[in-house]
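In what follows, a structure is listed as structure tokens, so that the remarks can point back to it.
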Amino acid sequence: MKGSFIILSFFVLGLILGLTRFLPATLLESDFSIYALYLLLFLVGIGIGTDRSSWKVVREVNFKIILVPISVIVGSLLGVSAVSIFLSDINIIEALTVGAGFGYYSLSSVIITEFHSDTLGVIALLSNIIREILTLLATPFFVKYFGKLAGIASGGATAMDTTLPIIVRYSGKEYAIIAVFSGIVLTVLVPVIVPLLLSML
């Protein structure tokens, strides 16, 4: 959870500095977020492209494993669709856009902020951070009552990195490959699905 709290701390610090207008006027008046987005996408591409072990996992696993990330996608989008019924200020497409982050808060929130609004970007950031923290804390409960794949589904894109240790601990080492594969697929799809949904607004 240390990584999540560091990200959240930087967000809060930026919020405070923005509210107090403590930063130089040039920084406050210029929009550097699009360049940060380009850099982030570039680094994500490098990370995925150079991770040979991840690509090896994709080549070696049984074809049926693709059902895991597909189930996570369908479940996440159905879940946020149901929740959006009770939210008067967020329509179903906006809710789907937030849910399509699949726990990848650093990328999805930046995309949403840049191409929609700061408010929805903050909602995406917090909801996806909460998803990761919930996975870290509640995976033992999920596995006990919902099965070995529950932690992987809850973790979403983070199942390949930050939540992988807790998933392996409670689901078993044999589920590590499934978790990594699902996380890779979801990580690759976030920068595809989120902009696609935003284009429908």
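Simple scheme: letters A, B, ... for chains in structure tokens order, numbers from 1 for residues in each chain, numbers from 1 for ligands in the order shown.
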
Polymer residues at most 9 Å from Ile65 (chain A), only C-alpha atoms, same-chain spacing of 4 or more positions, as a PDB file with N, CA and C atoms, in the first residue's frame:
```
ATOM      1  N   VAL A  61       0.528 -19.540 -21.681  1.00  0.00           N
ATOM      2  CA  VAL A  61      -0.688 -19.930 -20.972  1.00  0.00           C
ATOM      3  C   VAL A  61      -1.742 -20.504 -21.892  1.00  0.00           C
ATOM      4  N   PRO A  69      -9.411 -11.907 -17.633  1.00  0.00           N
ATOM      5  CA  PRO A  69      -9.525 -10.457 -17.818  1.00  0.00           C
ATOM      6  C   PRO A  69     -10.846 -10.027 -18.448  1.00  0.00           C
ATOM      7  N   ILE A 178      -1.840 -16.537 -13.834  1.00  0.00           N
ATOM      8  CA  ILE A 178      -3.157 -16.009 -14.212  1.00  0.00           C
ATOM      9  C   ILE A 178      -3.262 -14.538 -13.816  1.00  0.00           C
ATOM     10  N   PHE A 181      -1.025 -12.410 -16.159  1.00  0.00           N
ATOM     11  CA  PHE A 181      -1.630 -12.322 -17.490  1.00  0.00           C
ATOM     12  C   PHE A 181      -2.812 -11.359 -17.491  1.00  0.00           C
ATOM     13  N   SER A 182      -3.706 -11.524 -16.525  1.00  0.00           N
ATOM     14  CA  SER A 182      -4.883 -10.658 -16.433  1.00  0.00           C
ATOM     15  C   SER A 182      -4.478  -9.199 -16.259  1.00  0.00           C
TER      16      SER A 182
END
```

Please identify all polymer residues within 8 Å of Ile129 (chain A), counting only C-alpha atoms, omitting same-chain residues fewer than 3 positions from it, and present them as a PyMOL selection string.
-> chain A and resi 4+103+105+125-126+132-133

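For Asn91 (chain A), the non-local neighbours within 12 Å, defined as residues at least 3 positions apart in the same chain or in other chains and counting only C-alpha atoms, are Val80, Ser81, Ala82, Val83, Ser84, Ile85, Phe86, Leu87, Ser88, Glu94, Ala95, Leu96, Thr97, Val98, Leu120, Leu198, Met200 and Leu201 of chain A.
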
What are the closest atom pairs, with distances in Å to one decimal, for all residues of region 98-134 of chain A lying within 12 Å of region 147-161 of chain A? Consider only C-alpha atoms, order rows by chain and residue number, and present the result as a tab-separated table.
```
residue	atom	partner	partner_atom	distance
A:Gly99	CA	A:Gly156	CA	10.3
A:Ala100	CA	A:Gly156	CA	9.8
A:Gly101	CA	A:Ala157	CA	8.1
A:Phe102	CA	A:Gly156	CA	5.0
A:Gly103	CA	A:Ala157	CA	5.6
A:Tyr104	CA	A:Ala157	CA	5.8
A:Tyr105	CA	A:Ala157	CA	9.5
A:Ser106	CA	A:Thr158	CA	11.2
A:Leu107	CA	A:Ala157	CA	11.1
A:Ser108	CA	A:Ala157	CA	11.2
A:Asn128	CA	A:Gly156	CA	9.5
A:Ile129	CA	A:Thr158	CA	10.1
A:Ile130	CA	A:Gly155	CA	10.3
A:Arg131	CA	A:Gly155	CA	6.9
A:Glu132	CA	A:Gly155	CA	5.9
A:Ile133	CA	A:Gly155	CA	8.9
A:Leu134	CA	A:Ser154	CA	8.0
```

In Å to one decimal, how far is CA of Leu189 (chain A) from CA of Ile70 (chain A)?
->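 For CA of Ile70 (chain A) relative to CA of Leu189 (chain A), the distance reads 10.8 Å.
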